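Source file: start_36.cif; contents: mmCIF, C-alpha atoms and all ligand atoms.
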data_final
loop_
_atom_site.label_atom_id
_atom_site.label_comp_id
_atom_site.auth_asym_id
_atom_site.auth_seq_id
_atom_site.Cartn_x
_atom_site.Cartn_y
_atom_site.Cartn_z
CA MET X 1133 0.47 13.27 35.36
CA SER X 1134 -1.08 16.18 37.25
CA ALA X 1135 -4.63 15.86 38.43
CA ALA X 1136 -6.01 19.34 37.79
CA VAL X 1137 -6.04 21.44 34.66
CA VAL X 1138 -6.89 25.05 35.41
CA THR X 1139 -8.15 27.88 33.27
CA GLY X 1140 -6.51 31.35 33.25
CA GLY X 1141 -7.60 34.49 35.17
CA ASP X 1142 -7.72 35.17 38.91
CA PRO X 1143 -5.92 32.19 40.54
CA ASP X 1144 -8.46 32.08 43.36
CA ARG X 1145 -11.32 31.72 40.91
CA ARG X 1146 -9.68 29.16 38.61
CA GLN X 1147 -11.74 26.02 38.09
CA PRO X 1148 -10.68 22.61 36.87
CA THR X 1149 -11.61 22.32 33.21
CA GLU X 1150 -14.02 19.58 32.20
CA HIS X 1151 -12.12 18.50 29.11
CA ALA X 1152 -8.79 16.82 28.57
CA ASP X 1153 -6.50 18.04 25.77
CA THR X 1154 -7.57 15.91 22.80
CA GLY X 1155 -4.45 16.34 20.63
CA VAL X 1156 -2.69 13.11 19.62
CA GLU X 1157 0.27 12.30 17.41
CA LEU X 1158 -0.53 9.59 14.86
CA ALA X 1159 2.44 8.30 12.85
CA GLY X 1160 4.08 11.73 12.99
CA ILE X 1161 0.90 13.65 12.15
CA ASP X 1162 -0.40 16.04 14.82
CA LEU X 1163 -4.16 15.64 15.08
CA PRO X 1164 -6.42 17.93 17.14
CA SER X 1165 -8.62 14.93 17.92
CA PRO X 1166 -8.23 11.14 17.89
CA ILE X 1167 -11.69 10.85 16.29
CA LEU X 1168 -11.73 10.02 12.56
CA THR X 1169 -14.47 8.90 10.22
CA ALA X 1170 -14.48 5.24 9.11
CA SER X 1171 -13.94 4.49 5.44
CA GLY X 1172 -17.18 3.97 3.52
CA CYS X 1173 -19.39 5.52 6.18
CA ALA X 1174 -18.96 9.23 5.42
CA ALA X 1175 -17.97 9.33 1.71
CA ALA X 1176 -15.50 12.26 1.53
CA GLY X 1177 -17.05 14.16 4.44
CA ARG X 1178 -19.21 16.63 2.46
CA GLU X 1179 -22.51 15.46 3.95
CA LEU X 1180 -21.17 15.42 7.53
CA ASP X 1181 -19.87 18.98 7.11
CA ALA X 1182 -23.52 20.11 7.11
CA PHE X 1183 -23.81 18.78 10.69
CA PHE X 1184 -20.48 19.89 12.23
CA ASP X 1185 -17.15 21.40 11.23
CA ILE X 1186 -15.22 18.43 9.82
CA THR X 1187 -11.89 20.24 10.25
CA GLU X 1188 -12.28 19.73 14.03
CA LEU X 1189 -12.00 15.96 13.59
CA GLY X 1190 -8.64 14.22 13.52
CA ALA X 1191 -9.13 13.34 9.86
CA ILE X 1192 -11.62 12.21 7.25
CA VAL X 1193 -10.91 8.67 6.11
CA THR X 1194 -12.42 8.52 2.63
CA LYS X 1195 -14.45 5.68 1.09
CA SER X 1196 -12.08 3.09 -0.45
CA ILE X 1197 -11.35 4.20 -3.99
CA MET X 1198 -10.53 1.86 -6.86
CA LEU X 1199 -8.78 2.51 -10.15
CA LYS X 1200 -11.92 2.63 -12.30
CA PRO X 1201 -15.51 3.81 -11.62
CA ARG X 1202 -17.56 1.00 -10.10
CA ALA X 1203 -21.28 0.49 -9.58
CA GLY X 1204 -20.95 -1.89 -6.63
CA ARG X 1205 -23.08 -4.97 -5.98
CA ALA X 1206 -26.74 -5.53 -6.79
CA THR X 1207 -29.37 -4.51 -4.23
CA PRO X 1208 -30.47 -5.24 -1.55
CA ARG X 1209 -27.02 -4.65 -0.13
CA MET X 1210 -27.76 -3.58 3.42
CA SER X 1211 -29.62 -5.43 6.14
CA GLU X 1212 -30.18 -4.86 9.83
CA THR X 1213 -28.98 -7.30 12.46
CA PRO X 1214 -29.20 -7.21 16.28
CA SER X 1215 -26.81 -4.39 17.34
CA GLY X 1216 -25.43 -3.81 13.89
CA MET X 1217 -25.80 -4.04 10.18
CA LEU X 1218 -24.67 -6.17 7.30
CA ASN X 1219 -23.54 -4.51 4.06
CA SER X 1220 -22.35 -5.70 0.71
CA ILE X 1221 -21.96 -2.36 -1.06
CA GLY X 1222 -19.12 -3.75 -3.17
CA LEU X 1223 -16.91 -0.64 -3.26
CA GLN X 1224 -19.11 1.59 -5.37
CA GLY X 1225 -17.17 4.70 -6.40
CA PRO X 1226 -16.14 7.14 -9.13
CA GLY X 1227 -12.59 5.84 -9.69
CA ILE X 1228 -9.33 7.44 -8.61
CA ASP X 1229 -9.14 10.20 -11.26
CA ALA X 1230 -12.59 11.64 -10.49
CA PHE X 1231 -11.91 11.19 -6.76
CA ILE X 1232 -8.73 13.25 -6.96
CA GLU X 1233 -10.35 15.93 -9.09
CA ASN X 1234 -13.53 16.32 -7.04
CA ASP X 1235 -13.30 14.86 -3.53
CA LEU X 1236 -9.63 15.37 -2.71
CA THR X 1237 -9.71 18.90 -4.12
CA TRP X 1238 -12.77 19.68 -2.00
CA LEU X 1239 -11.17 18.24 1.17
CA ASN X 1240 -8.08 20.36 0.57
CA GLU X 1241 -10.09 23.51 0.00
CA ARG X 1242 -12.07 22.73 3.14
CA GLY X 1243 -8.82 22.35 5.12
CA ALA X 1244 -9.61 18.84 6.42
CA ARG X 1245 -6.86 16.37 7.22
CA THR X 1246 -7.38 13.41 4.91
CA ILE X 1247 -6.53 9.73 4.96
CA VAL X 1248 -7.22 8.24 1.52
CA SER X 1249 -8.41 4.64 1.52
CA ILE X 1250 -7.51 2.59 -1.56
CA ALA X 1251 -8.67 -0.84 -2.74
CA GLY X 1252 -7.64 -2.98 -5.69
CA GLU X 1253 -8.35 -6.29 -7.35
CA THR X 1254 -4.69 -7.08 -8.00
CA VAL X 1255 -1.42 -6.16 -6.33
CA GLU X 1256 -0.52 -4.11 -9.40
CA GLU X 1257 -3.73 -2.06 -9.11
CA TYR X 1258 -2.79 -1.00 -5.58
CA GLY X 1259 0.57 0.16 -6.93
CA ARG X 1260 -1.09 2.22 -9.66
CA LEU X 1261 -3.47 3.80 -7.14
CA ALA X 1262 -0.55 4.77 -4.89
CA ALA X 1263 1.37 6.21 -7.87
CA LYS X 1264 -1.64 8.36 -8.84
CA LEU X 1265 -1.87 9.66 -5.29
CA ARG X 1266 1.86 10.34 -5.23
CA SER X 1267 1.40 12.59 -8.29
CA SER X 1268 -1.62 14.39 -6.88
CA GLY X 1269 -0.49 14.94 -3.27
CA GLY X 1270 -2.90 16.77 -0.97
CA PHE X 1271 -3.49 14.11 1.70
CA ASP X 1272 -1.90 13.06 4.98
CA ALA X 1273 -1.83 9.25 4.91
CA ILE X 1274 -3.02 6.22 2.96
CA GLU X 1275 -5.22 3.49 4.41
CA VAL X 1276 -4.83 0.30 2.40
CA ASN X 1277 -8.07 -1.67 2.41
CA ILE X 1278 -6.90 -5.23 1.82
CA SER X 1279 -10.27 -6.85 2.57
CA CYS X 1280 -10.84 -7.28 -1.16
CA PRO X 1281 -10.86 -10.42 -3.29
CA ASN X 1282 -7.60 -10.99 -5.16
CA VAL X 1283 -8.69 -11.81 -8.72
CA ALA X 1284 -5.27 -13.29 -9.43
CA ASP X 1285 -5.69 -15.79 -6.57
CA ARG X 1286 -9.16 -17.38 -6.91
CA GLY X 1287 -10.81 -14.45 -5.18
CA GLN X 1288 -9.01 -15.06 -1.88
CA VAL X 1289 -9.16 -11.93 0.30
CA PHE X 1290 -5.72 -10.25 0.44
CA ALA X 1291 -6.03 -9.55 4.19
CA CYS X 1292 -6.62 -13.20 5.07
CA ARG X 1293 -3.15 -14.37 4.00
CA ALA X 1294 0.07 -12.95 5.37
CA GLU X 1295 1.85 -13.26 2.03
CA SER X 1296 -0.74 -11.46 -0.13
CA ALA X 1297 -1.34 -8.82 2.54
CA ALA X 1298 2.41 -8.12 2.64
CA GLN X 1299 2.70 -7.99 -1.17
CA VAL X 1300 0.05 -5.27 -1.37
CA VAL X 1301 1.60 -3.19 1.40
CA GLN X 1302 5.11 -3.53 -0.04
CA THR X 1303 3.85 -2.40 -3.47
CA VAL X 1304 2.00 0.60 -2.01
CA ARG X 1305 5.06 1.53 0.06
CA ARG X 1306 7.33 1.43 -3.00
CA SER X 1307 4.92 3.48 -5.10
CA SER X 1308 4.30 6.16 -2.45
CA ASP X 1309 6.19 9.16 -1.20
CA SER X 1310 8.36 7.78 1.64
CA ARG X 1311 7.09 10.53 3.98
CA ILE X 1312 3.47 9.40 3.69
CA PRO X 1313 2.33 7.05 6.48
CA ILE X 1314 0.64 3.87 5.29
CA PHE X 1315 -2.01 2.18 7.42
CA ALA X 1316 -2.87 -1.41 6.50
CA LYS X 1317 -6.50 -2.16 7.32
CA LEU X 1318 -6.84 -5.71 8.55
CA SER X 1319 -9.71 -8.16 8.59
CA PRO X 1320 -10.74 -9.89 11.83
CA ASP X 1321 -11.69 -12.99 9.78
CA VAL X 1322 -8.34 -14.71 10.38
CA THR X 1323 -7.04 -17.20 12.90
CA ASP X 1324 -4.15 -15.04 14.10
CA ILE X 1325 -4.37 -11.29 13.44
CA VAL X 1326 -0.93 -10.76 15.01
CA GLU X 1327 0.64 -12.89 12.28
CA ILE X 1328 -0.95 -10.72 9.54
CA ALA X 1329 0.04 -7.55 11.42
CA ASP X 1330 3.61 -8.80 11.62
CA ALA X 1331 3.70 -9.47 7.86
CA VAL X 1332 2.41 -6.02 6.86
CA ILE X 1333 4.67 -4.21 9.32
CA ARG X 1334 7.67 -6.04 7.85
CA ALA X 1335 6.40 -5.06 4.38
CA GLY X 1336 6.52 -1.37 5.31
CA ALA X 1337 3.20 -0.46 6.94
CA THR X 1338 3.62 2.54 9.25
CA GLY X 1339 0.50 1.63 11.19
CA LEU X 1340 -2.58 -0.55 11.26
CA SER X 1341 -6.31 0.08 11.01
CA LEU X 1342 -8.27 -2.46 13.05
CA ILE X 1343 -10.80 -3.74 12.08
CA ASN X 1344 -12.77 -4.11 8.89
CA THR X 1345 -16.19 -5.78 9.03
CA LEU X 1346 -16.72 -9.47 9.86
CA LEU X 1347 -18.22 -11.67 7.16
CA GLY X 1348 -21.86 -12.47 7.98
CA LEU X 1349 -25.16 -13.66 6.55
CA VAL X 1350 -28.85 -12.85 7.12
CA ILE X 1351 -31.70 -15.03 5.83
CA ASP X 1352 -35.12 -13.55 5.04
CA THR X 1353 -37.57 -15.99 6.62
CA THR X 1354 -40.39 -14.89 4.27
CA THR X 1355 -38.56 -15.55 1.00
CA MET X 1356 -36.45 -18.19 2.75
CA ARG X 1357 -33.36 -16.92 0.90
CA PRO X 1358 -30.38 -14.79 1.90
CA THR X 1359 -31.51 -11.17 2.33
CA LEU X 1360 -28.52 -9.60 0.55
CA ALA X 1361 -28.26 -9.97 -3.22
CA GLY X 1362 -24.58 -10.77 -2.70
CA THR X 1363 -25.51 -13.50 -0.14
CA THR X 1364 -22.86 -12.56 2.45
CA GLY X 1365 -21.96 -9.10 3.76
CA GLY X 1366 -19.76 -7.28 6.26
CA LEU X 1367 -21.06 -7.06 9.83
CA SER X 1368 -20.47 -3.71 11.59
CA GLY X 1369 -21.81 -1.79 14.58
CA PRO X 1370 -21.81 -2.42 18.36
CA ALA X 1371 -22.08 -6.19 17.86
CA ILE X 1372 -18.46 -6.32 16.68
CA ARG X 1373 -16.94 -4.01 19.32
CA PRO X 1374 -15.54 -6.72 21.63
CA VAL X 1375 -13.93 -8.46 18.63
CA ALA X 1376 -12.39 -5.19 17.45
CA LEU X 1377 -11.13 -4.37 20.94
CA ARG X 1378 -9.57 -7.82 21.24
CA CYS X 1379 -7.74 -7.29 17.93
CA VAL X 1380 -6.44 -3.87 19.01
CA TRP X 1381 -5.36 -5.32 22.34
CA GLN X 1382 -3.49 -8.29 20.81
CA VAL X 1383 -1.74 -6.23 18.14
CA HIS X 1384 -0.75 -3.43 20.54
CA GLN X 1385 0.61 -6.00 22.96
CA ALA X 1386 2.73 -7.56 20.20
CA PHE X 1387 3.84 -4.25 18.59
CA PRO X 1388 3.53 -1.50 21.22
CA THR X 1389 5.22 1.20 19.12
CA ILE X 1390 3.08 0.71 15.99
CA PRO X 1391 0.26 3.27 15.70
CA ILE X 1392 -3.23 1.79 15.52
CA ILE X 1393 -6.48 3.31 14.27
CA GLY X 1394 -9.16 1.33 16.12
CA MET X 1395 -12.76 0.90 15.00
CA GLY X 1396 -15.78 -1.33 15.34
CA GLY X 1397 -19.08 -0.30 16.90
CA ILE X 1398 -17.96 2.96 18.52
CA ARG X 1399 -21.03 5.00 19.51
CA SER X 1400 -19.90 7.05 22.52
CA GLY X 1401 -16.89 8.70 24.12
CA ARG X 1402 -16.71 5.80 26.52
CA ASP X 1403 -16.52 3.30 23.66
CA ALA X 1404 -13.72 5.37 22.11
CA LEU X 1405 -11.91 5.43 25.47
CA GLU X 1406 -11.95 1.62 25.58
CA PHE X 1407 -10.11 1.50 22.24
CA LEU X 1408 -7.49 4.03 23.37
CA LEU X 1409 -6.94 2.12 26.62
CA ALA X 1410 -6.44 -1.06 24.55
CA GLY X 1411 -3.71 0.68 22.53
CA ALA X 1412 -5.32 2.62 19.65
CA THR X 1413 -3.91 6.10 19.02
CA ALA X 1414 -7.01 7.17 17.09
CA VAL X 1415 -10.45 5.72 16.40
CA SER X 1416 -12.79 5.72 13.42
CA VAL X 1417 -16.54 6.10 13.75
CA GLY X 1418 -18.52 4.23 11.09
CA THR X 1419 -21.97 2.70 11.46
CA ALA X 1420 -22.99 5.15 14.21
CA VAL X 1421 -22.94 7.95 11.62
CA PHE X 1422 -25.87 6.42 9.71
CA HIS X 1423 -28.37 7.22 12.43
CA ASP X 1424 -26.52 10.12 14.07
CA PRO X 1425 -24.52 12.16 11.54
CA SER X 1426 -23.14 14.30 14.41
CA ALA X 1427 -21.72 11.21 16.15
CA PRO X 1428 -18.00 11.92 15.45
CA SER X 1429 -18.27 15.44 16.90
CA ARG X 1430 -20.33 14.28 19.90
CA ILE X 1431 -17.94 11.39 20.58
CA HIS X 1432 -14.99 13.84 20.49
CA THR X 1433 -16.58 15.97 23.23
CA GLU X 1434 -17.62 12.95 25.30
CA LEU X 1435 -14.13 11.44 25.08
CA ALA X 1436 -12.50 14.66 26.30
CA ARG X 1437 -14.81 14.58 29.34
CA GLU X 1438 -14.39 10.88 30.01
CA VAL X 1439 -10.60 11.17 29.99
CA ARG X 1440 -10.62 14.27 32.22
CA ALA X 1441 -13.04 12.63 34.67
CA ARG X 1442 -10.44 9.88 35.16
CA GLY X 1443 -7.78 12.38 36.24
CA PHE X 1444 -5.87 12.70 32.95
CA ASP X 1445 -5.04 16.06 31.39
CA ARG X 1446 -4.30 14.65 27.95
CA VAL X 1447 -6.00 12.02 25.82
CA GLN X 1448 -2.53 11.01 24.58
CA ASP X 1449 -1.75 9.72 28.10
CA VAL X 1450 -4.47 7.05 28.14
CA ILE X 1451 -3.23 5.31 24.98
CA GLY X 1452 -2.41 1.72 25.94
CA PHE X 1453 -3.02 2.45 29.64
CA ALA X 1454 -4.96 -0.80 30.12
CA HIS X 1455 -1.74 -2.72 29.39
CA ARG X 1456 0.14 -1.16 32.34
CA ALA X 1457 1.99 -3.28 34.84
CA ASP X 1458 0.01 -3.90 38.02
CA ASP X 1459 2.13 -1.59 40.14
CA ARG X 1460 1.23 1.61 38.23
CA ASP X 1461 -1.38 3.83 39.84
CA VAL X 1462 -4.60 4.99 38.33
CA PRO X 1463 -4.85 8.79 38.79
CA SER X 1464 -7.60 9.93 41.11
CA PRO X 1465 -10.73 10.96 39.24
CA ALA X 1466 -10.95 14.72 38.62
CA SER X 1467 -14.64 14.95 39.33
CA THR X 1468 -17.28 12.37 38.72
CA GLN X 1469 -19.81 15.12 37.94
CA HIS X 1470 -18.20 15.53 34.51
CA THR X 1471 -18.67 11.92 33.50
CA THR X 1472 -21.12 11.45 30.65
CA PRO X 1473 -24.00 9.08 31.28
CA ALA X 1474 -23.33 5.43 30.52
CA PRO X 1475 -24.02 4.80 26.85
CA GLN X 1476 -27.22 2.93 26.20
CA GLU X 1477 -26.32 -0.50 24.94
CA THR X 1478 -28.52 -1.42 22.05
CA SER X 1479 -29.87 -4.67 20.92
CA SER X 1480 -33.21 -3.28 19.88
CA LEU X 1481 -33.96 -3.22 16.20
CA GLU X 1482 -35.63 0.21 16.51
CA ASP X 1483 -32.17 1.69 17.02
CA TRP X 1484 -31.21 0.46 13.60
CA ASP X 1485 -34.24 1.62 11.62
CA PHE X 1486 -32.06 3.96 9.53
CA ILE X 1487 -31.44 1.22 7.02
CA THR X 1488 -33.29 2.09 3.87
CA GLU X 1489 -31.64 0.09 1.10
C1 LIG B 1501 -21.84 0.81 4.63
C2 LIG B 1501 -20.39 0.52 4.93
C3 LIG B 1501 -19.43 0.72 3.95
C4 LIG B 1501 -18.08 0.46 4.22
N1 LIG B 1501 -17.14 0.69 3.25
C5 LIG B 1501 -15.83 0.50 3.54
C6 LIG B 1501 -14.84 0.83 2.58
O1 LIG B 1501 -15.10 1.32 1.48
N2 LIG B 1501 -13.53 0.58 2.92
C7 LIG B 1501 -13.16 0.08 4.13
O2 LIG B 1501 -11.96 -0.10 4.38
N3 LIG B 1501 -14.10 -0.19 5.08
C8 LIG B 1501 -15.40 0.01 4.80
N4 LIG B 1501 -16.34 -0.24 5.77
C9 LIG B 1501 -15.90 -0.74 7.09
C10 LIG B 1501 -15.78 0.42 8.10
O3 LIG B 1501 -14.81 1.37 7.68
C11 LIG B 1501 -15.38 -0.11 9.49
O4 LIG B 1501 -14.14 -0.76 9.40
C12 LIG B 1501 -16.41 -1.11 10.06
O5 LIG B 1501 -17.71 -0.79 9.65
C13 LIG B 1501 -16.35 -1.17 11.59
O6 LIG B 1501 -16.65 0.08 12.16
P1 LIG B 1501 -18.16 0.49 12.65
O7 LIG B 1501 -18.70 -0.66 13.41
O8 LIG B 1501 -18.00 1.76 13.43
O9 LIG B 1501 -18.95 0.72 11.38
C14 LIG B 1501 -17.69 -0.01 5.51
C15 LIG B 1501 -18.67 -0.20 6.49
C16 LIG B 1501 -20.00 0.07 6.23
C17 LIG B 1501 -21.00 -0.12 7.32
#
Show the structure stored in the file as structure tokens.
Ligand SMILES: Cc1cc2nc3c(=O)[nH]c(=O)nc-3n(C[C@H](O)[C@H](O)[C@H](O)COP(=O)(O)O)c2cc1C
Amino acid sequence: MSAAVVTGGDPDRRQPTEHADTGVELAGIDLPSPILTASGCAAAGRELDAFFDITELGAIVTKSIMLKPRAGRATPRMSETPSGMLNSIGLQGPGIDAFIENDLTWLNERGARTIVSIAGETVEEYGRLAAKLRSSGGFDAIEVNISCPNVADRGQVFACRAESAAQVVQTVRRSSDSRIPIFAKLSPDVTDIVEIADAVIRAGATGLSLINTLLGLVIDTTTMRPTLAGTTGGLSGPAIRPVALRCVWQVHQAFPTIPIIGMGGIRSGRDALEFLLAGATAVSVGTAVFHDPSAPSRIHTELAREVRARGFDRVQDVIGFAHRADDRDVPSPASTQHTTPAPQETSSLEDWDFITE
């Protein structure tokens, strides 16, 4: 790994560039950036496109789509928590047919790389969703959201049992074009995430998305009842980052060749760097988008600087670097002047006043 990247022109005047090359290869797809959106936090990318050019991101990961249109859960379905938020949106959406006709068509016309997230209530529904996508084409990968209740099994969440998680992934794999990578999105609410990862990899997952939200609860001390109409909700934001990082670390350690999309509380380039060092090939930005819609673009630029400041020319080279054997050297920093300021850690509720529902 060479220490200095130089720009063209008169050799005597060439300066080290501030930014590392951000291109990464994710499950055979060449991405210009490892920064993706997180499912459910940017719809199909239309709104974010008003803030920055979404084609510069690695990909848009769309809101999980179900077979039929769905209104989601009753309100209130969002609540603030220290360093994060709790949501129980309940997979509101237009259904797969309208999604393909409107959102997927728009993403294609816009030229954005797209990872379509799907969610079902039964194993069979996942298969039908994958078959519909196979007919439509026009996307780069599927993310299988298995953090949904299985109506055929007393509402047990698919992702919390190795067997049901594997059944879903196997069905999606069989119903999809064999060239399309499938990412299984796992829940951290399990005793051993490596066991679930093992099951879905054996069932045909190309890669893993880690992690979905953690199940949480907030009680309103005025009404003295749970704040969310659905009682419990998914916890996201900086509060869950160490849990997410631990999951990425454990799974990468167990399956070092399996591509991972890491997510959970990423707000800065330095946060994203932590996930790459732990073994993620790409990262999704979710909750941060609600109070800074430009966050994915900003994090992309910050990450390129953070990586370069540590003496690496390419972001690809830091993936899994924290797992190295003790005898491997850390490259000498390129120049500390390019390091972005330390991200402000938040535990103040004012930082989360974007919650309106
Ligand atoms: C409002 C909201 C809606 C979400 N909807 C989905 C969804 O439809 N499908 C899914 O797989 N994950 C969904 N998630 C989870 C995120 O994709 C992500 O895994 C999680 O929030 C952790 O990342 P973050 O802390 O950056 O938000 C949602 C999260 C939030 C906050």
Legend entry - 12 Å contact set for Leu1349 in chain X, only C-alpha atoms, chain neighbours under 3 positions out, as a ChimeraX atom specification: /X:1209-1213,1217-1220,1346,1352,1357-1367
Inset, instruction - Using atom C10 of ligand LIG 1501 (chain B) and CA of His1151 in chain X as the two end points, give the distance in Å to one decimal. - result: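 It comes out at 28.0 Å.
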Inset, instruction - Please provide the set of residues having any atom within 9 Å of range 1288-1303 of chain X, restricted to only C-alpha atoms, with same-chain residues fewer than 6 positions apart removed, written as a ChimeraX atom specification. - result: /X:1254-1256,1258-1259,1262,1276-1282,1314-1323,1325,1327-1337
Inset, instruction - Would you please work out which residue, of X:Glu1188, X:Asp1403, X:Asp1449, X:Asp1153, is nearest to ligand LIG 1501 (chain B) when using all atoms listed in the file? - result: X:Asp1403
Inset, instruction - For ligand LIG 1501 (chain B), collect every residue having any atom at a distance of at most 6 Å from a ligand atom (counting only C-alpha atoms and all ligand atoms); output as a list of chain:residue names. - result: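 So, counting only C-alpha atoms and all ligand atoms, the residues near ligand LIG 1501 (chain B) are X:Ala1170, X:Ser1171, X:Gly1172, X:Cys1173, X:Lys1195, X:Ser1196, X:Asn1219, X:Leu1223, X:Asn1277, X:Ile1343, X:Asn1344, X:Thr1345, X:Ser1368, X:Gly1369, X:Met1395, X:Gly1396, X:Gly1397, X:Ile1398, X:Val1417, X:Gly1418, X:Thr1419.
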Legend entry - X:Val1350, X:Ala1182, X:Leu1261, X:Val1248 ranked by distance to Asp1229 in chain X, top pick (using all atoms listed in the file): X:Leu1261
With N, CA and C atoms as the target, complete range 1197-1212 of chain X and hand it back as a short mmCIF file (atom, residue, chain, number, x, y, z; two decimals), in the frame of the given file.
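Listed below is the output, rebuild.cif:
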data_model
loop_
_atom_site.label_atom_id
_atom_site.label_comp_id
_atom_site.auth_asym_id
_atom_site.auth_seq_id
_atom_site.Cartn_x
_atom_site.Cartn_y
_atom_site.Cartn_z
N ILE X 1197 -11.25 3.85 -2.58
CA ILE X 1197 -11.35 4.20 -3.99
C ILE X 1197 -10.58 3.17 -4.82
N MET X 1198 -11.18 2.83 -5.98
CA MET X 1198 -10.53 1.86 -6.86
C MET X 1198 -10.02 2.60 -8.10
N LEU X 1199 -9.37 1.87 -8.97
CA LEU X 1199 -8.78 2.51 -10.15
C LEU X 1199 -9.86 3.07 -11.08
N LYS X 1200 -10.88 2.26 -11.32
CA LYS X 1200 -11.92 2.63 -12.30
C LYS X 1200 -13.25 2.88 -11.57
N PRO X 1201 -14.18 3.65 -12.22
CA PRO X 1201 -15.51 3.81 -11.62
C PRO X 1201 -16.16 2.43 -11.44
N ARG X 1202 -16.99 2.31 -10.41
CA ARG X 1202 -17.56 1.00 -10.10
C ARG X 1202 -18.96 1.17 -9.52
N ALA X 1203 -19.88 0.35 -10.00
CA ALA X 1203 -21.28 0.49 -9.58
C ALA X 1203 -21.56 -0.24 -8.26
N GLY X 1204 -20.70 -1.12 -7.85
CA GLY X 1204 -20.95 -1.89 -6.63
C GLY X 1204 -21.85 -3.08 -6.91
N ARG X 1205 -22.28 -3.75 -5.83
CA ARG X 1205 -23.08 -4.97 -5.98
C ARG X 1205 -24.56 -4.65 -6.21
N ALA X 1206 -25.29 -5.68 -6.60
CA ALA X 1206 -26.74 -5.53 -6.79
C ALA X 1206 -27.41 -5.31 -5.43
N THR X 1207 -28.60 -4.71 -5.46
CA THR X 1207 -29.37 -4.51 -4.23
C THR X 1207 -30.32 -5.70 -4.02
N PRO X 1208 -30.80 -5.95 -2.79
CA PRO X 1208 -30.47 -5.24 -1.55
C PRO X 1208 -29.04 -5.53 -1.11
N ARG X 1209 -28.41 -4.47 -0.57
CA ARG X 1209 -27.02 -4.65 -0.13
C ARG X 1209 -26.78 -4.12 1.28
N MET X 1210 -27.87 -3.90 1.99
CA MET X 1210 -27.76 -3.58 3.42
C MET X 1210 -28.88 -4.28 4.16
N SER X 1211 -28.59 -4.75 5.35
CA SER X 1211 -29.62 -5.43 6.14
C SER X 1211 -29.33 -5.21 7.61
N GLU X 1212 -30.42 -5.06 8.40
CA GLU X 1212 -30.18 -4.86 9.83
C GLU X 1212 -29.97 -6.19 10.53
#
